[in-house]
file start.txt (compact mmCIF, C-alpha atoms)
# COMPACT_ATOMS: atom_id res chain seq x y z
CA MET A 4 -29.59 5.93 3.54
CA MET A 5 -30.86 3.18 1.19
CA SER A 6 -32.26 0.90 3.88
CA GLY A 7 -35.81 -0.14 3.03
CA LYS A 8 -35.86 1.71 -0.31
CA ARG A 9 -37.72 -0.12 -3.09
CA ILE A 10 -35.80 0.07 -6.35
CA LEU A 11 -36.62 -1.34 -9.76
CA LEU A 12 -33.50 -2.32 -11.68
CA GLY A 13 -34.15 -2.52 -15.42
CA VAL A 14 -31.57 -4.48 -17.41
CA THR A 15 -31.45 -4.29 -21.21
CA GLY A 16 -29.66 -6.34 -23.86
CA GLY A 17 -26.11 -5.06 -24.11
CA ILE A 18 -22.71 -6.44 -23.20
CA ALA A 19 -22.69 -4.17 -20.13
CA ALA A 20 -25.58 -6.23 -18.68
CA TYR A 21 -23.06 -8.15 -16.60
CA LYS A 22 -22.19 -4.93 -14.76
CA ALA A 23 -25.80 -4.71 -13.55
CA VAL A 24 -24.99 -7.65 -11.29
CA ASP A 25 -22.54 -5.44 -9.36
CA VAL A 26 -25.10 -2.63 -9.21
CA LEU A 27 -27.61 -5.05 -7.69
CA ARG A 28 -25.07 -6.42 -5.23
CA ARG A 29 -24.11 -2.97 -3.97
CA LEU A 30 -27.72 -1.88 -3.57
CA ARG A 31 -28.47 -5.02 -1.58
CA GLU A 32 -25.43 -4.37 0.61
CA GLN A 33 -27.09 -1.08 1.54
CA ASN A 34 -30.30 -2.96 2.47
CA ALA A 35 -32.35 -1.75 -0.48
CA GLU A 36 -35.11 -3.97 -1.86
CA VAL A 37 -34.32 -4.50 -5.53
CA ARG A 38 -36.85 -5.78 -8.07
CA VAL A 39 -35.24 -6.77 -11.36
CA VAL A 40 -36.98 -6.48 -14.72
CA MET A 41 -35.09 -7.78 -17.76
CA THR A 42 -35.69 -7.59 -21.47
CA ARG A 43 -35.53 -10.87 -23.39
CA ASN A 44 -32.23 -9.83 -24.96
CA ALA A 45 -30.75 -8.99 -21.55
CA ALA A 46 -31.41 -12.59 -20.53
CA ARG A 47 -29.15 -13.69 -23.43
CA PHE A 48 -26.20 -12.01 -21.66
CA VAL A 49 -26.93 -12.80 -17.98
CA THR A 50 -29.45 -15.35 -16.77
CA PRO A 51 -32.44 -14.20 -14.69
CA LEU A 52 -31.41 -16.80 -12.10
CA THR A 53 -28.30 -14.74 -11.28
CA PHE A 54 -30.37 -11.66 -10.48
CA ALA A 55 -32.99 -13.70 -8.61
CA ALA A 56 -30.34 -15.28 -6.40
CA LEU A 57 -28.75 -11.95 -5.52
CA SER A 58 -31.97 -9.98 -5.09
CA GLY A 59 -33.90 -12.68 -3.26
CA MET A 60 -36.90 -11.85 -5.44
CA PRO A 61 -38.39 -13.23 -8.66
CA VAL A 62 -37.18 -11.58 -11.86
CA LEU A 63 -39.78 -10.31 -14.31
CA THR A 64 -38.88 -11.13 -17.91
CA ASP A 65 -42.16 -12.02 -19.65
CA GLU A 66 -45.37 -10.05 -19.24
CA PHE A 67 -47.51 -12.98 -20.30
CA ALA A 68 -45.83 -15.80 -18.39
CA GLU A 69 -47.52 -16.84 -15.17
CA GLY A 70 -45.19 -16.14 -12.30
CA GLU A 71 -44.87 -14.79 -8.79
CA TRP A 72 -45.63 -11.25 -9.93
CA GLY A 73 -49.06 -12.36 -11.12
CA SER A 74 -50.91 -11.78 -14.37
CA MET A 75 -50.27 -8.02 -14.27
CA GLY A 76 -46.60 -8.11 -13.41
CA HIS A 77 -45.77 -4.70 -14.86
CA ILE A 78 -48.12 -3.12 -12.29
CA ALA A 79 -47.21 -5.31 -9.33
CA VAL A 80 -43.48 -4.86 -9.81
CA THR A 81 -43.85 -1.06 -9.70
CA ASP A 82 -46.12 -0.84 -6.64
CA GLY A 83 -44.58 1.38 -3.93
CA LEU A 84 -41.35 2.05 -5.78
CA ASP A 85 -38.96 4.75 -4.55
CA LEU A 86 -36.86 4.70 -7.73
CA ALA A 87 -36.45 3.01 -11.11
CA LEU A 88 -32.93 2.56 -12.49
CA VAL A 89 -32.20 1.33 -16.02
CA ALA A 90 -28.58 0.14 -16.16
CA PRO A 91 -27.45 -0.54 -18.78
CA ALA A 92 -29.86 1.30 -21.05
CA THR A 93 -29.66 0.63 -24.79
CA ALA A 94 -30.59 3.12 -27.51
CA ASN A 95 -33.69 0.98 -28.03
CA ILE A 96 -35.14 1.42 -24.53
CA ILE A 97 -34.29 5.14 -24.55
CA GLY A 98 -36.15 5.51 -27.85
CA LYS A 99 -39.16 3.65 -26.46
CA MET A 100 -39.26 5.81 -23.35
CA ALA A 101 -39.09 9.01 -25.42
CA ALA A 102 -41.85 7.84 -27.76
CA GLY A 103 -44.09 6.42 -25.04
CA ILE A 104 -43.87 2.90 -26.45
CA ALA A 105 -44.68 0.07 -24.04
CA ASP A 106 -44.34 -3.18 -25.97
CA ASP A 107 -42.31 -5.40 -23.66
CA THR A 108 -41.97 -6.09 -19.95
CA LEU A 109 -39.45 -3.37 -19.12
CA SER A 110 -40.93 -0.56 -21.22
CA THR A 111 -44.39 -1.37 -19.84
CA ALA A 112 -43.10 -1.36 -16.26
CA LEU A 113 -41.36 1.99 -16.80
CA MET A 114 -44.62 3.41 -18.15
CA ALA A 115 -46.36 2.33 -14.94
CA ALA A 116 -43.62 3.53 -12.56
CA ALA A 117 -44.80 6.54 -10.53
CA CYS A 118 -41.36 7.37 -9.14
CA PRO A 119 -38.10 9.07 -10.17
CA VAL A 120 -36.29 7.32 -13.03
CA ILE A 121 -32.53 7.16 -13.65
CA VAL A 122 -31.08 5.96 -16.95
CA ALA A 123 -27.45 4.85 -17.45
CA PRO A 124 -26.81 4.43 -21.21
CA ALA A 125 -24.23 2.00 -22.61
CA MET A 126 -23.55 1.42 -26.31
CA ASN A 127 -21.13 1.94 -29.19
CA ASP A 128 -19.77 5.50 -29.37
CA ARG A 129 -21.26 6.13 -32.82
CA MET A 130 -24.65 4.98 -31.60
CA TYR A 131 -24.34 7.26 -28.58
CA ARG A 132 -23.51 10.26 -30.77
CA ASN A 133 -26.46 9.57 -33.08
CA ALA A 134 -28.51 12.75 -33.44
CA ILE A 135 -31.85 11.00 -32.87
CA LEU A 136 -30.61 9.33 -29.69
CA GLN A 137 -29.28 12.65 -28.37
CA LYS A 138 -32.64 14.27 -29.19
CA ASN A 139 -34.41 11.50 -27.25
CA ILE A 140 -32.11 11.97 -24.26
CA ALA A 141 -32.63 15.75 -24.30
CA TYR A 142 -36.39 15.26 -24.42
CA LEU A 143 -36.38 12.78 -21.54
CA ARG A 144 -34.29 15.16 -19.45
CA THR A 145 -36.96 17.84 -19.90
CA ALA A 146 -39.51 15.26 -18.71
CA GLY A 147 -37.57 14.81 -15.47
CA ILE A 148 -35.66 11.64 -16.32
CA ARG A 149 -32.15 11.69 -14.85
CA PHE A 150 -29.17 10.40 -16.82
CA VAL A 151 -25.80 9.07 -15.68
CA ASP A 152 -23.68 9.83 -18.73
CA PRO A 153 -21.51 7.01 -20.09
CA ASP A 154 -17.75 7.03 -19.60
CA THR A 155 -15.15 7.33 -22.33
CA GLY A 156 -12.79 4.42 -22.89
CA ALA A 157 -12.34 1.06 -24.57
CA LEU A 158 -15.61 -0.40 -25.85
CA ALA A 159 -16.61 -4.02 -26.44
CA CYS A 160 -16.62 -3.47 -30.21
CA GLY A 161 -12.90 -2.71 -30.12
CA THR A 162 -13.14 1.06 -30.55
CA ASN A 163 -12.44 3.80 -28.05
CA GLY A 164 -14.97 6.52 -27.28
CA GLN A 165 -17.86 7.60 -25.10
CA GLY A 166 -20.34 4.81 -24.60
CA ARG A 167 -19.17 2.49 -21.84
CA LEU A 168 -21.44 2.22 -18.83
CA ALA A 169 -20.71 4.83 -16.17
CA SER A 170 -18.67 3.68 -13.19
CA LEU A 171 -20.41 1.75 -10.45
CA GLU A 172 -19.70 4.57 -8.01
CA SER A 173 -21.28 7.17 -10.30
CA ILE A 174 -24.43 5.09 -10.74
CA LEU A 175 -24.76 4.38 -7.03
CA GLN A 176 -24.22 8.04 -6.20
CA ALA A 177 -27.02 9.03 -8.56
CA VAL A 178 -29.31 6.53 -6.83
CA VAL A 179 -28.41 7.81 -3.36
CA ASP A 180 -28.90 11.42 -4.48
CA ALA A 181 -32.34 10.63 -5.88
CA CYS A 182 -33.44 8.80 -2.72
CA SER A 183 -32.07 11.24 -0.14
CA PRO A 184 -34.20 13.95 1.47
CA LYS A 185 -32.58 17.31 0.67
CA SER A 186 -32.84 18.71 4.18
CA LEU A 187 -29.61 20.69 3.75
CA ALA A 188 -30.37 22.14 0.32
CA GLY A 189 -28.91 25.65 0.06
CA ILE A 190 -26.71 25.16 3.14
CA ASN A 191 -22.91 25.47 3.05
CA VAL A 192 -21.20 22.81 5.18
CA LEU A 193 -17.51 22.73 6.06
CA VAL A 194 -15.98 19.41 7.13
CA THR A 195 -12.41 18.83 8.26
CA ALA A 196 -10.85 15.38 8.02
CA GLY A 197 -7.67 13.39 8.40
CA PRO A 198 -4.53 14.08 10.41
CA THR A 199 -2.16 16.99 10.30
CA ARG A 200 1.61 16.61 10.07
CA GLU A 201 3.99 18.89 11.97
CA PRO A 202 7.48 18.69 10.44
CA ILE A 203 10.60 18.06 12.47
CA ASP A 204 12.88 18.15 9.46
CA ALA A 205 12.66 17.38 5.75
CA VAL A 206 11.66 13.71 6.33
CA ARG A 207 10.27 13.44 9.87
CA PHE A 208 7.06 14.76 11.40
CA ILE A 209 4.66 14.50 14.34
CA SER A 210 1.25 13.09 13.43
CA ASN A 211 -1.42 10.56 14.48
CA PRO A 212 -3.13 7.43 13.02
CA SER A 213 -6.16 9.23 11.56
CA THR A 214 -7.06 8.05 8.04
CA GLY A 215 -9.81 10.59 7.35
CA LYS A 216 -12.49 7.92 6.81
CA MET A 217 -14.98 9.49 9.25
CA GLY A 218 -14.58 12.99 7.87
CA TYR A 219 -14.87 11.87 4.27
CA ALA A 220 -18.01 9.89 5.13
CA LEU A 221 -19.49 12.97 6.79
CA ALA A 222 -18.75 15.09 3.73
CA ALA A 223 -20.52 12.52 1.52
CA ALA A 224 -23.51 12.28 3.88
CA ALA A 225 -23.93 16.07 3.97
CA ARG A 226 -23.68 16.20 0.19
CA ASP A 227 -26.36 13.52 -0.10
CA ARG A 228 -28.71 15.76 1.91
CA GLY A 229 -28.28 18.55 -0.63
CA ALA A 230 -25.58 20.62 1.09
CA THR A 231 -22.77 22.42 -0.70
CA VAL A 232 -19.78 20.81 1.00
CA LEU A 233 -16.21 22.03 1.43
CA LEU A 234 -13.81 19.35 2.70
CA VAL A 235 -10.58 20.57 4.31
CA SER A 236 -8.40 17.50 4.55
CA GLY A 237 -5.03 16.63 5.94
CA PRO A 238 -2.92 13.95 4.20
CA THR A 239 -4.92 10.77 3.45
CA GLN A 240 -5.04 7.97 0.89
CA LEU A 241 -8.76 8.54 0.24
CA VAL A 242 -10.48 9.71 -2.94
CA PRO A 243 -12.64 12.78 -2.20
CA PRO A 244 -16.40 12.16 -2.54
CA GLN A 245 -17.86 13.23 -5.87
CA GLY A 246 -19.48 16.65 -5.80
CA VAL A 247 -17.46 17.85 -2.80
CA ASP A 248 -14.90 20.66 -3.03
CA LEU A 249 -11.53 19.74 -1.53
CA ILE A 250 -8.83 21.88 0.06
CA ALA A 251 -5.77 19.77 0.82
CA VAL A 252 -3.58 20.88 3.75
CA THR A 253 -0.71 19.38 5.70
CA THR A 254 -0.09 21.25 8.94
CA ALA A 255 -2.40 22.52 11.67
CA ALA A 256 -1.52 26.09 10.69
CA GLU A 257 -2.56 25.42 7.08
CA MET A 258 -5.83 23.88 8.25
CA ASP A 259 -6.46 26.85 10.55
CA ARG A 260 -5.99 29.31 7.67
CA ALA A 261 -8.28 27.33 5.35
CA VAL A 262 -11.02 27.02 7.98
CA LYS A 263 -10.85 30.71 8.91
CA GLU A 264 -11.04 31.71 5.24
CA HIS A 265 -14.23 29.76 4.56
CA ALA A 266 -16.01 29.40 7.93
CA GLY A 267 -17.85 32.71 7.61
CA ARG A 268 -20.09 31.46 4.79
CA CYS A 269 -20.88 28.07 6.36
CA LYS A 270 -23.94 27.37 8.52
CA VAL A 271 -22.60 23.99 9.64
CA ILE A 272 -19.00 23.17 10.56
CA ILE A 273 -18.00 19.62 11.45
CA MET A 274 -14.47 19.33 12.80
CA ALA A 275 -13.67 15.64 12.32
CA ALA A 276 -9.94 16.16 11.68
CA ALA A 277 -7.41 14.90 14.19
CA VAL A 278 -5.41 18.11 14.47
CA SER A 279 -2.00 17.90 16.11
CA ASP A 280 -1.97 19.62 19.51
CA PHE A 281 1.78 20.29 19.38
CA ARG A 282 4.46 21.11 16.84
CA PRO A 283 8.26 21.28 17.10
CA LEU A 284 9.52 24.63 18.30
CA GLU A 285 12.30 24.48 15.76
CA THR A 286 12.28 22.72 12.39
CA SER A 287 14.78 22.13 9.64
CA ASP A 288 14.15 22.14 5.90
CA ARG A 289 17.03 19.65 5.57
CA LYS A 290 17.26 16.10 6.92
CA ILE A 291 18.84 16.04 10.38
CA LYS A 292 21.49 13.34 10.56
CA LYS A 293 20.96 10.78 13.29
CA SER A 294 24.46 11.33 14.63
CA SER A 295 23.79 15.03 15.23
CA ALA A 296 20.10 14.90 16.22
CA PRO A 297 19.18 16.20 19.69
CA LEU A 298 17.71 13.61 22.08
CA GLN A 299 15.06 16.03 23.31
CA LEU A 300 12.44 17.72 21.13
CA ALA A 301 11.05 21.06 22.27
CA LEU A 302 7.37 21.53 21.43
CA GLU A 303 4.87 24.37 21.34
CA PRO A 304 1.05 24.19 21.16
CA THR A 305 -0.71 24.60 17.84
CA THR A 306 -3.67 26.92 17.41
CA ASP A 307 -6.90 25.46 18.85
CA ILE A 308 -9.00 25.72 15.68
CA LEU A 309 -12.16 24.32 17.28
CA LYS A 310 -12.09 26.70 20.24
CA GLY A 311 -11.55 29.64 17.92
CA LEU A 312 -14.67 28.65 16.00
CA GLY A 313 -16.61 28.22 19.23
CA ASP A 314 -15.61 31.68 20.45
CA ALA A 315 -17.12 33.17 17.27
CA LYS A 316 -19.91 30.65 16.68
CA GLU A 317 -22.92 32.92 16.35
CA GLY A 318 -25.49 31.72 13.82
CA ARG A 319 -24.01 28.32 12.99
CA ILE A 320 -23.95 24.69 14.10
CA LEU A 321 -20.54 23.57 15.38
CA VAL A 322 -19.70 19.88 15.78
CA GLY A 323 -16.55 18.51 17.37
CA PHE A 324 -15.03 15.10 18.07
CA ALA A 325 -13.36 13.72 21.18
CA ALA A 326 -11.05 10.71 20.96
CA GLU A 327 -10.66 9.40 24.51
CA THR A 328 -9.19 6.46 26.38
CA ASP A 329 -10.60 7.35 29.82
CA ALA A 330 -13.78 8.93 31.26
CA LEU A 331 -15.33 9.17 27.80
CA VAL A 332 -18.58 11.01 28.56
CA LEU A 333 -17.11 13.21 31.31
CA ASN A 334 -14.24 14.42 29.15
CA ALA A 335 -16.49 14.90 26.13
CA ARG A 336 -19.00 17.00 28.11
CA GLU A 337 -16.20 19.18 29.42
CA LYS A 338 -14.86 19.73 25.88
CA LEU A 339 -18.33 20.56 24.55
CA VAL A 340 -18.80 23.30 27.17
CA ARG A 341 -15.23 24.65 27.01
CA LYS A 342 -15.28 24.98 23.24
CA ASN A 343 -18.90 26.14 22.94
CA LEU A 344 -20.04 23.28 20.70
CA ASP A 345 -23.56 22.28 19.71
CA LEU A 346 -22.67 18.59 19.39
CA ILE A 347 -19.73 16.41 20.24
CA ILE A 348 -19.01 12.88 19.02
CA ALA A 349 -17.03 10.94 21.62
CA ASN A 350 -15.00 7.92 20.50
CA ASP A 351 -13.51 5.35 22.86
CA ILE A 352 -10.40 4.61 20.83
CA ASP A 353 -9.63 1.56 22.99
CA ALA A 354 -12.90 -0.12 21.96
CA PRO A 355 -12.71 -2.92 19.36
CA ASP A 356 -13.71 -2.03 15.78
CA SER A 357 -13.60 1.66 16.65
CA GLY A 358 -11.46 4.74 16.38
CA PHE A 359 -8.55 5.46 14.08
CA ALA A 360 -8.14 3.53 10.80
CA ALA A 361 -11.10 1.17 11.40
CA ASP A 362 -13.91 0.92 8.85
CA THR A 363 -16.43 0.78 11.71
CA ASN A 364 -16.98 2.99 14.71
CA ARG A 365 -18.74 3.24 18.07
CA ALA A 366 -19.56 6.65 19.47
CA THR A 367 -21.56 8.66 21.97
CA MET A 368 -23.30 11.81 20.71
CA ILE A 369 -23.79 14.55 23.29
CA ASP A 370 -25.52 17.85 22.52
CA ARG A 371 -25.54 21.11 24.47
CA THR A 372 -28.90 20.26 26.11
CA GLY A 373 -27.25 17.25 27.75
CA SER A 374 -28.91 14.66 25.51
CA VAL A 375 -26.78 11.53 25.17
CA ASP A 376 -27.17 9.07 22.29
CA GLU A 377 -25.14 5.86 22.31
CA LEU A 378 -24.34 4.67 18.79
CA PRO A 379 -23.47 0.95 18.52
CA CYS A 380 -20.82 -0.45 16.21
CA MET A 381 -21.64 0.44 12.61
CA THR A 382 -19.80 1.45 9.46
CA LYS A 383 -18.47 4.97 9.39
CA ALA A 384 -20.76 5.71 6.43
CA GLU A 385 -23.75 4.65 8.53
CA MET A 386 -22.53 6.69 11.48
CA ALA A 387 -22.08 9.73 9.25
CA VAL A 388 -25.76 9.51 8.30
CA ARG A 389 -26.75 9.38 12.00
CA ILE A 390 -24.58 12.40 12.79
CA ILE A 391 -26.01 14.41 9.88
CA ASP A 392 -29.52 13.45 11.05
CA LYS A 393 -28.65 14.97 14.44
CA VAL A 394 -27.20 18.09 12.82
CA ILE A 395 -30.44 18.58 10.87
CA GLU A 396 -32.42 18.18 14.09
CA LEU A 397 -30.26 20.78 15.89
CA LYS A 398 -30.51 23.16 12.93
CA LYS A 399 -34.31 22.91 13.00
CA ASN A 400 -34.48 23.37 16.78
CA GLN A 401 -32.30 26.49 16.59
CA GLY A 402 -34.25 27.96 13.68
CA LEU A 403 -31.20 28.19 11.44
call {"tool": "encode", "arguments": {"input": "start.txt", "output": "structure tokens"}}
result
Amino acid sequence: MMSGKRILLGVTGGIAAYKAVDVLRRLREQNAEVRVVMTRNAARFVTPLTFAALSGMPVLTDEFAEGEWGSMGHIAVTDGLDLALVAPATANIIGKMAAGIADDTLSTALMAAACPVIVAPAMNDRMYRNAILQKNIAYLRTAGIRFVDPDTGALACGTNGQGRLASLESILQAVVDACSPKSLAGINVLVTAGPTREPIDAVRFISNPSTGKMGYALAAAARDRGATVLLVSGPTQLVPPQGVDLIAVTTAAEMDRAVKEHAGRCKVIIMAAAVSDFRPLETSDRKIKKSSAPLQLALEPTTDILKGLGDAKEGRILVGFAAETDALVLNAREKLVRKNLDLIIANDIDAPDSGFAADTNRATMIDRTGSVDELPCMTKAEMAVRIIDKVIELKKNQGL
């Protein structure tokens, strides 16, 4: 999502300046081009050389010093920007922005930036509560400036209160939100994720190796495109993406009930969960002792949630997954037709760096027109973006 985006990172003179290094590193990991502008006081906390080494670009610190940005650095550094991010932002820079003051390199660059601006304040809690600062923040919000509010916790001055720089994840999410096209704005999307567990007794169950990583990545990618996302998840160790509503379930029957309850209001349903196909015919709410346990386990099929959705699919996009070890495309095509899907994502779970539990994935996307798209090995977050791109294409083609 951030690949090729041009971002200005403004760093001001506060103790939280060292955290801007992590912000830069994460943006570069997502292939964004990051141009760093520092105030003179920021350079007292972290050297410009650190940011230059990590960004691969010269750092602008002095408007009047001859450098690689030229004699009008505040203009050159803002050419073609997609976003400007000030993190950390002191009360001083916020006051300058609100008053239209441009008397140093960063404030001048922000004045010249013709792009969305995000500000992440960091300061002492009493400074943050100051009435004039809050008035400045309120005014800048009305002017379209976005804020990532500071967290509450231990501060560098030894007190405890609201003023510490927002978490890295919150800042990065704000950047992604600002840079993402909102092609799914106003659309309700339901995503299922993770495994289900079918109990045998109080301590044993039937399940599978799914970790939920693909489903959670899809929920985040749909959210980034402006969708209202409901995530129905089996048991995982993952933290739900910010801004996504979560319904936690355990069994296939619980997932079936949750999906049926909410599917009617969703235009897009992505069934990424690895739902158990079978459950024990008889279960016990007590632990069965090994000495008295039967050596055979009678099973019965669980409800086919995906087929039920396909049988009543009118007016929505339905996406399914196929985890296969043999005849990948053939089996996936058959499943797409049998379950009346618009798109199926076929995974060869025997392939290296793919399938359950891996952070990366390889897949083949097949739609109902017969189009086949081979996706090479990539992170599951990257694959989620590609799948959501395809969903948006199908939605447009079907006039939904």
call {"tool": "residues_around", "arguments": {"input": "start.txt", "residues": "Ala301 (chain A)", "least_positions_apart": "5", "cutoff": "10 Å", "atoms": "all atoms listed in the file", "output": "MDAnalysis selection string"}}
result
chainID A and resid 281:285
call {"tool": "residues_around", "arguments": {"input": "start.txt", "residues": "region 136-146 of chain A", "least_positions_apart": "3", "cutoff": "9 Å", "atoms": "all atoms listed in the file", "output": "JSON, numbers by chain"}}
result
{"A": [94, 97, 98, 100, 101, 102, 130, 131, 132, 133, 149, 150]}
call {"tool": "atom_distance", "arguments": {"input": "start.txt", "atom1": "CA of Gly215 (chain A)", "atom2": "CA of Ser236 (chain A)"}}
result
7.6 Å
call {"tool": "closest_atom_pairs", "arguments": {"input": "start.txt", "of": "region 314-379 of chain A", "to": "region 195-199 of chain A", "cutoff": "12 Å", "atoms": "all atoms listed in the file", "output": "Markdown table"}}
result
| residue | atom | partner | partner_atom | distance |
| --- | --- | --- | --- | --- |
| A:Leu321 | CA | A:Thr195 | CA | 11.8 |
| A:Val322 | CA | A:Thr195 | CA | 10.5 |
| A:Gly323 | CA | A:Thr195 | CA | 10.0 |
| A:Phe324 | CA | A:Thr195 | CA | 10.8 |
| A:Phe359 | CA | A:Gly197 | CA | 9.8 |
| A:Ala360 | CA | A:Gly197 | CA | 10.2 |
call {"tool": "closest_residue", "arguments": {"input": "start.txt", "among": "A:Ala35, A:Ala188, A:Leu309, A:Ile18", "to": "Lys270 (chain A)", "atoms": "all atoms listed in the file"}}
result
A:Ala188
call {"tool": "closest_residue", "arguments": {"input": "start.txt", "among": "A:Thr239, A:Ala87, A:Gly246, A:Met114", "to": "Lys99 (chain A)", "atoms": "only C-alpha atoms"}}
result
A:Met114
call {"tool": "atom_distance", "arguments": {"input": "start.txt", "atom1": "CA of Met258 (chain A)", "atom2": "CA of Val235 (chain A)"}}
result
7.0 Å
call {"tool": "closest_residue", "arguments": {"input": "start.txt", "among": "A:Lys263, A:Lys290, A:Lys342, A:Arg336", "to": "Thr367 (chain A)", "atoms": "all atoms listed in the file"}}
result
A:Arg336
call {"tool": "residues_around", "arguments": {"input": "start.txt", "residues": "Ala181 (chain A)", "least_positions_apart": "2", "cutoff": "12 Å", "atoms": "only C-alpha atoms", "output": "ChimeraX atom specification"}}
result
/A:4-5,8,10,85-88,118-121,147-151,174-179,183-185,226-229
call {"tool": "closest_residue", "arguments": {"input": "start.txt", "among": "A:Leu109, A:Ala366, A:Ile272, A:Ala159", "to": "Leu378 (chain A)", "atoms": "only C-alpha atoms"}}
result
A:Ala366
call {"tool": "atom_distance", "arguments": {"input": "start.txt", "atom1": "CA of Met41 (chain A)", "atom2": "CA of Thr15 (chain A)"}}
result
6.1 Å
